[in-house]
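Printed here is entry.cif (mmCIF, C-alpha atoms):
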```cif
data_run
#
loop_
_atom_site.label_atom_id
_atom_site.label_comp_id
_atom_site.auth_asym_id
_atom_site.auth_seq_id
_atom_site.Cartn_x
_atom_site.Cartn_y
_atom_site.Cartn_z
CA GLY N 1 0.00 0.00 0.00
CA GLU N 2 0.91 3.67 0.10
CA ASN N 3 3.97 4.26 2.25
CA VAL N 4 4.93 7.70 3.51
CA GLU N 5 8.43 8.02 4.95
CA GLN N 6 9.43 11.10 6.92
CA HIS N 7 12.90 12.30 7.96
CA PRO N 8 14.37 13.26 10.28
CA SER N 9 12.51 12.02 13.34
CA THR N 10 14.03 14.77 15.47
CA LEU N 11 15.46 18.14 14.47
CA SER N 12 17.04 20.80 16.65
CA VAL N 13 17.86 24.25 15.30
CA GLN N 14 18.88 27.60 16.68
CA GLU N 15 16.36 30.40 16.59
CA GLY N 16 16.60 32.19 13.26
CA ASP N 17 17.95 29.20 11.38
CA SER N 18 16.01 27.24 8.76
CA ALA N 19 14.47 23.82 9.24
CA VAL N 20 13.77 21.29 6.50
CA ILE N 21 11.68 18.13 6.84
CA LYS N 22 11.49 15.63 3.99
CA CYS N 23 8.92 13.02 3.02
CA THR N 24 8.64 10.41 0.31
CA TYR N 25 5.59 8.52 -0.89
CA SER N 26 5.02 5.47 -3.04
CA ASP N 27 1.63 5.93 -4.74
CA SER N 28 2.21 7.83 -7.96
CA ALA N 29 -1.53 8.53 -8.10
CA SER N 30 -1.38 10.67 -4.93
CA ASN N 31 -2.14 14.28 -5.76
CA TYR N 32 -2.57 16.13 -2.47
CA PHE N 33 0.05 16.57 0.26
CA PRO N 34 -0.79 18.38 3.52
CA TRP N 35 1.47 19.19 6.46
CA TYR N 36 0.26 19.26 10.05
CA LYS N 37 1.75 20.79 13.18
CA GLN N 38 0.95 19.26 16.56
CA GLU N 39 1.85 20.98 19.81
CA LEU N 40 2.05 18.94 22.98
CA GLY N 41 -1.37 17.78 24.10
CA LYS N 42 -3.17 19.45 21.21
CA ARG N 43 -4.71 18.40 17.95
CA PRO N 44 -2.80 18.29 14.65
CA GLN N 45 -3.39 21.52 12.74
CA LEU N 46 -3.07 21.96 9.02
CA ILE N 47 -0.35 24.51 8.29
CA ILE N 48 0.17 24.22 4.55
CA ASP N 49 -0.66 21.88 1.70
CA ILE N 50 0.27 21.40 -1.93
CA ARG N 51 -1.39 19.77 -4.90
CA SER N 52 0.34 17.87 -7.64
CA ASN N 53 -0.20 20.55 -10.26
CA VAL N 54 2.29 22.90 -8.57
CA GLY N 55 5.89 22.43 -7.53
CA GLU N 56 6.10 24.95 -4.71
CA LYS N 57 3.85 26.88 -2.37
CA LYS N 58 4.78 29.51 0.17
CA ASP N 59 2.99 31.08 3.11
CA GLN N 60 5.11 33.63 4.99
CA ARG N 61 7.90 31.66 6.68
CA ILE N 62 6.63 28.26 5.58
CA ALA N 63 7.10 26.71 2.16
CA VAL N 64 6.48 23.30 0.69
CA THR N 65 8.06 21.82 -2.42
CA LEU N 66 6.92 18.82 -4.40
CA ASN N 67 8.84 16.66 -6.85
CA LYS N 68 6.31 14.30 -8.45
CA THR N 69 8.89 12.49 -10.52
CA ALA N 70 10.95 11.58 -7.49
CA LYS N 71 7.86 11.26 -5.31
CA HIS N 72 9.12 13.44 -2.51
CA PHE N 73 7.98 16.64 -0.86
CA SER N 74 9.55 18.86 1.76
CA LEU N 75 8.59 21.43 4.36
CA HIS N 76 10.83 24.45 4.77
CA ILE N 77 10.57 26.80 7.75
CA THR N 78 12.72 29.92 7.61
CA GLU N 79 13.66 32.28 10.46
CA THR N 80 12.55 29.71 13.00
CA GLN N 81 11.14 30.85 16.34
CA PRO N 82 10.75 28.97 19.63
CA GLU N 83 6.99 28.79 19.05
CA ASP N 84 7.68 26.68 15.94
CA SER N 85 8.71 23.88 18.31
CA ALA N 86 6.23 21.03 17.79
CA VAL N 87 5.79 17.71 16.01
CA TYR N 88 5.28 18.05 12.27
CA PHE N 89 3.52 15.40 10.18
CA CYS N 90 3.48 15.07 6.43
CA ALA N 91 0.70 13.22 4.66
CA ALA N 92 -0.27 12.02 1.21
CA LEU N 93 -3.80 11.50 -0.02
CA GLY N 94 -4.27 8.03 -1.46
CA GLY N 95 -4.95 8.19 -5.17
CA GLY N 96 -6.21 4.63 -5.48
CA GLY N 97 -3.05 3.37 -7.13
CA ARG N 98 -0.44 0.93 -5.92
CA GLY N 99 -2.53 -0.54 -3.12
CA SER N 100 -3.62 2.79 -1.66
CA THR N 101 -7.17 3.62 -0.67
CA LEU N 102 -8.67 6.47 -2.68
CA GLY N 103 -9.34 9.44 -0.43
CA ARG N 104 -7.51 8.17 2.64
CA LEU N 105 -4.70 10.22 4.23
CA TYR N 106 -1.41 8.40 4.80
CA PHE N 107 0.79 10.02 7.45
CA GLY N 108 4.50 10.03 8.06
CA ARG N 109 5.75 9.16 11.55
CA GLY N 110 6.38 12.77 12.50
CA THR N 111 9.35 15.06 13.16
CA GLN N 112 9.94 16.58 16.59
CA LEU N 113 11.27 20.08 15.87
CA THR N 114 12.94 21.96 18.71
CA VAL N 115 13.95 25.58 18.22
CA TRP N 116 16.44 26.84 20.81
CA PRO N 117 16.36 30.53 21.73
CA ASN U 1 -18.68 26.60 11.48
CA ALA U 2 -17.81 24.98 14.79
CA GLY U 3 -15.08 22.71 13.46
CA VAL U 4 -14.71 19.03 14.15
CA MET U 5 -16.22 18.24 17.54
CA GLN U 6 -15.22 15.25 19.58
CA ASN U 7 -16.64 14.16 22.88
CA PRO U 8 -15.91 13.42 25.50
CA ARG U 9 -12.52 15.13 25.76
CA HIS U 10 -11.46 12.77 28.51
CA LEU U 11 -12.83 9.33 29.23
CA VAL U 12 -11.89 6.96 32.03
CA ARG U 13 -12.97 3.34 31.85
CA ARG U 14 -12.24 0.29 33.94
CA ARG U 15 -10.88 -2.78 32.25
CA GLY U 16 -13.68 -4.74 30.62
CA GLN U 17 -16.01 -1.78 30.14
CA GLU U 18 -17.05 -0.27 26.83
CA ALA U 19 -15.77 3.06 25.52
CA ARG U 20 -17.79 5.06 23.06
CA LEU U 21 -16.15 8.00 21.31
CA ARG U 22 -18.10 10.49 19.23
CA CYS U 23 -17.08 12.70 16.36
CA SER U 24 -19.22 15.32 14.66
CA PRO U 25 -17.54 16.40 11.41
CA MET U 26 -17.48 19.94 10.15
CA LYS U 27 -20.60 21.06 8.36
CA GLY U 28 -20.59 19.85 4.78
CA HIS U 29 -17.97 17.16 5.44
CA SER U 30 -18.95 13.59 4.66
CA HIS U 31 -15.58 11.88 5.11
CA VAL U 32 -14.36 10.90 8.56
CA TYR U 33 -11.07 9.39 9.65
CA TRP U 34 -10.14 7.99 13.06
CA TYR U 35 -6.57 7.88 14.33
CA ARG U 36 -4.99 6.64 17.53
CA GLN U 37 -1.97 8.29 19.09
CA LEU U 38 0.07 6.78 21.87
CA PRO U 39 2.31 9.06 23.97
CA GLU U 40 5.46 10.09 22.11
CA GLU U 41 4.23 8.39 18.94
CA GLY U 42 2.71 9.37 15.62
CA LEU U 43 -0.80 9.06 14.27
CA LYS U 44 -1.89 5.50 13.60
CA PHE U 45 -4.70 5.18 11.08
CA MET U 46 -7.65 3.15 12.24
CA VAL U 47 -10.63 3.60 9.93
CA TYR U 48 -11.94 5.79 7.11
CA LEU U 49 -15.67 6.22 6.73
CA GLN U 50 -18.10 8.02 4.50
CA LYS U 51 -21.75 8.42 5.35
CA GLU U 52 -23.13 4.94 6.08
CA ASN U 53 -20.06 3.24 4.57
CA ILE U 54 -16.76 1.94 5.86
CA ILE U 55 -14.19 2.65 3.15
CA ASP U 56 -11.03 1.35 4.80
CA GLU U 57 -10.79 -0.32 8.19
CA SER U 58 -7.39 -1.87 7.68
CA GLY U 59 -5.93 -0.08 10.70
CA MET U 60 -8.55 -1.17 13.17
CA PRO U 61 -8.12 -4.30 15.31
CA LYS U 62 -10.55 -6.98 14.18
CA GLU U 63 -11.79 -7.68 17.68
CA ARG U 64 -13.38 -5.30 20.17
CA PHE U 65 -13.21 -2.27 17.86
CA SER U 66 -15.98 -1.03 15.58
CA ALA U 67 -16.87 2.23 13.88
CA GLU U 68 -19.88 3.70 12.20
CA PHE U 69 -20.94 6.92 10.54
CA PRO U 70 -24.73 6.86 10.24
CA LYS U 71 -26.81 8.96 7.91
CA GLU U 72 -27.81 11.13 10.83
CA GLY U 73 -25.67 11.91 13.84
CA PRO U 74 -22.00 11.68 14.70
CA SER U 75 -19.47 9.04 13.83
CA ILE U 76 -18.94 6.60 16.67
CA LEU U 77 -15.82 4.62 17.53
CA ARG U 78 -16.69 1.83 19.92
CA ILE U 79 -14.20 -0.17 21.94
CA GLN U 80 -15.60 -3.13 23.81
CA GLN U 81 -13.99 -4.79 26.83
CA VAL U 82 -11.26 -2.19 27.06
CA VAL U 83 -7.77 -3.14 28.19
CA ARG U 84 -4.94 -0.95 29.51
CA GLY U 85 -3.27 -0.98 26.10
CA ASP U 86 -6.25 0.90 24.67
CA SER U 87 -5.26 3.98 26.65
CA ALA U 88 -4.39 6.63 24.07
CA ALA U 89 -5.58 9.81 22.42
CA TYR U 90 -8.12 9.14 19.69
CA PHE U 91 -8.40 11.80 17.02
CA CYS U 92 -11.08 12.20 14.43
CA ALA U 93 -10.61 14.21 11.23
CA SER U 94 -13.11 15.17 8.56
CA SER U 95 -12.88 16.36 4.99
CA PRO U 96 -15.44 17.65 2.50
CA GLN U 97 -17.49 15.59 0.14
CA GLY U 98 -15.11 14.13 -2.41
CA GLY U 99 -12.32 13.78 0.12
CA TYR U 100 -9.71 15.48 -2.04
CA THR U 101 -8.98 18.48 0.03
CA GLU U 102 -8.21 19.67 3.54
CA ALA U 103 -8.84 17.37 6.48
CA PHE U 104 -9.33 19.00 9.86
CA PHE U 105 -8.82 17.34 13.20
CA GLY U 106 -10.93 17.44 16.31
CA GLN U 107 -9.50 18.04 19.78
CA GLY U 108 -9.29 14.34 20.45
CA THR U 109 -10.59 12.05 23.18
CA ARG U 110 -8.07 10.95 25.74
CA LEU U 111 -9.02 7.47 26.90
CA THR U 112 -7.57 6.15 30.12
CA VAL U 113 -8.20 2.56 31.10
CA VAL U 114 -7.69 1.84 34.79
#
```
Written as structure tokens, how would this file's structure read?
Amino acid sequence: GENVEQHPSTLSVQEGDSAVIKCTYSDSASNYFPWYKQELGKRPQLIIDIRSNVGEKKDQRIAVTLNKTAKHFSLHITETQPEDSAVYFCAALGGGGRGSTLGRLYFGRGTQLTVWP
Amino acid sequence: NAGVMQNPRHLVRRRGQEARLRCSPMKGHSHVYWYRQLPEEGLKFMVYLQKENIIDESGMPKERFSAEFPKEGPSILRIQQVVRGDSAAYFCASSPQGGYTEAFFGQGTRLTVV
């Protein structure tokens, strides 16, 4: 079935530095890729998403890139702040190919980002 | 739009009892997903439902667990004869009809089995 791999599992950066989290997926029919941020004890919140018809999307300090050929997508956070510290999850929407379920979200295992002041 | 509503927020059950978790999706959303999250771990998919249909239940244990999303009312995740290992946060997410766009999560139900 669809397999979403996420790296790294933990990431520590100094305030002001950039952070990059990478994900790969296996279902070439996937066409929607959201990213979620989860603070301790809270629900995952959608922070940015990208569809397969674009290669990059930016929202202030957050950007996501997508390489459909290589089947990988990345989250970039610039000018990191301590409040960016959280667990980040990538996901891919099953496209019904390669054993995936159409319409189901497949999540990576998460990246614990820590931003040191 | 009130967002995805889950209740209760916290649920304590003794071993052997039944736990019933409810999820009301956002207005206009007909796709519901349930996930389980253990402390310090990621989101584990359990079941994906559309109104009156189970689309994918491959992540749900075959025994003691069941889910439904009736035509009227919230989606229900039912755990029978709970054991300590069922203690976790259970999150529900919903997405609009068609399922090809944003999915939003509820606040979760934290189940503790004592």
*asked:* Can you spell out as an MDAnalysis selection string the set of residues that the PyMOL selection byres ((chain N) within 7 of (chain U)) selects in the structure I just provided?
replied: chainID N and resid 42:46 103:104 109:110
What does the file look like for those residues with C-alpha atoms, as an mmCIF file, keeping the file's coordinate frame?
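The result, stored in part09.cif:
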```
data_model
loop_
_atom_site.group_PDB
_atom_site.id
_atom_site.type_symbol
_atom_site.label_atom_id
_atom_site.label_comp_id
_atom_site.auth_asym_id
_atom_site.auth_seq_id
_atom_site.Cartn_x
_atom_site.Cartn_y
_atom_site.Cartn_z
ATOM 1 C CA LYS N 42 -3.170 19.450 21.210
ATOM 2 C CA ARG N 43 -4.710 18.400 17.950
ATOM 3 C CA PRO N 44 -2.800 18.290 14.650
ATOM 4 C CA GLN N 45 -3.390 21.520 12.740
ATOM 5 C CA LEU N 46 -3.070 21.960 9.020
ATOM 6 C CA GLY N 103 -9.340 9.440 -0.430
ATOM 7 C CA ARG N 104 -7.510 8.170 2.640
ATOM 8 C CA ARG N 109 5.750 9.160 11.550
ATOM 9 C CA GLY N 110 6.380 12.770 12.500
#
```
_Going by the chain IDs and residue numbers used in this file, which residues fall under the PyMOL selection byres ((chain U and resi 112) around 8)? Write them as a list in words._
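Taken over the shown coordinates, the PyMOL selection byres ((chain U and resi 112) around 8) returns His10, Leu11, Val12, Arg13, Arg84, Asp86, Ser87, Ala88, Arg110, Leu111, Val113 and Val114 of chain U.
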For Gly1 (chain N), find every residue with an atom within 9 Å (counting all atoms listed in the file), except residues of its own chain fewer than 5 positions away, and show them as a short mmCIF file (atom, residue, chain, number, x, y, z; two decimals) with C-alpha atoms, in the coordinates of the input.
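Saved as result.cif:
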```
data_model
loop_
_atom_site.label_atom_id
_atom_site.label_comp_id
_atom_site.auth_asym_id
_atom_site.auth_seq_id
_atom_site.Cartn_x
_atom_site.Cartn_y
_atom_site.Cartn_z
CA SER N 26 5.02 5.47 -3.04
CA ASP N 27 1.63 5.93 -4.74
CA GLY N 97 -3.05 3.37 -7.13
CA ARG N 98 -0.44 0.93 -5.92
CA GLY N 99 -2.53 -0.54 -3.12
CA SER N 100 -3.62 2.79 -1.66
CA THR N 101 -7.17 3.62 -0.67
#
```
*Between N:Gly108, N:Pro34, N:Pro117, N:Pro8, single out the one closest to Val20 (chain N), counting all atoms listed in the file.*
N:Pro8
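The neighbours of Ser24 (chain U) here are the residues that come within 9 Å of it, using all atoms listed in the file and leaving out any residue fewer than 5 positions away in the same chain; they are Gly3, Val4, Met5, Gln6, Asn7, Val32, Gly73, Pro74, Ser75, Ile76, Cys92, Ser94 and Gly106 of chain U.
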*Result set, the PyMOL selection byres ((chain N and resi 75) around 12) on current file, as a PyMOL selection string*: chain N and resi 6-8+18-24+33-37+47-50+56-59+61-66+72-74+76-78+88-91+111+113
_Distance of CA of Gly95 (chain N) from CA of Met26 (chain U), expressed in Å to one decimal place_ =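 That distance, rounded to one decimal, is 23.0 Å.
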_One-decimal distance in Å that lies between CA of Trp34 (chain U) and CA of Gln17 (chain U)_ =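 The value is 20.5 Å.
For the pair CA of Thr80 (chain N) and CA of Ser9 (chain N), the interatomic distance is 17.7 Å.
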*Write out as a list of chain:residue names which residues come within 8 Å of Leu105 (chain N) when counting all atoms listed in the file, dropping same-chain ones fewer than 4 positions away.*
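What passes the distance filter is N:Ala91, N:Ala92, N:Leu93, N:Gly94.
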*asked:* Ranking N:Glu5, N:Gly41, N:Val13, N:Tyr25 by minimum distance to Thr69 (chain N) and counting all atoms listed in the file, which one comes first?
replied: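 For Thr69 (chain N), the nearest of the candidates is N:Tyr25.
If you measure from each of N:Gln60, N:Ala29, N:Gln38, N:Ser52 to Glu79 (chain N) using all atoms listed in the file, the closest one turns out to be N:Gln60.
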*Have a look at N:Val54, N:Gly16, N:Ser28, N:Gln112 and name the one nearest to Val87 (chain N); count all atoms listed in the file.*
N:Gln112
Report, as AutoDock Vina command-line options, the axis-aligned box around all atoms of region 63-75 of chain U present in the file, extended by 8 Å on each side; give centre and edge lengths in Å to one decimal place.
```
--center_x -19.8 --center_y 2.1 --center_z 14.0 --size_x 32.0 --size_y 35.6 --size_z 28.3
```
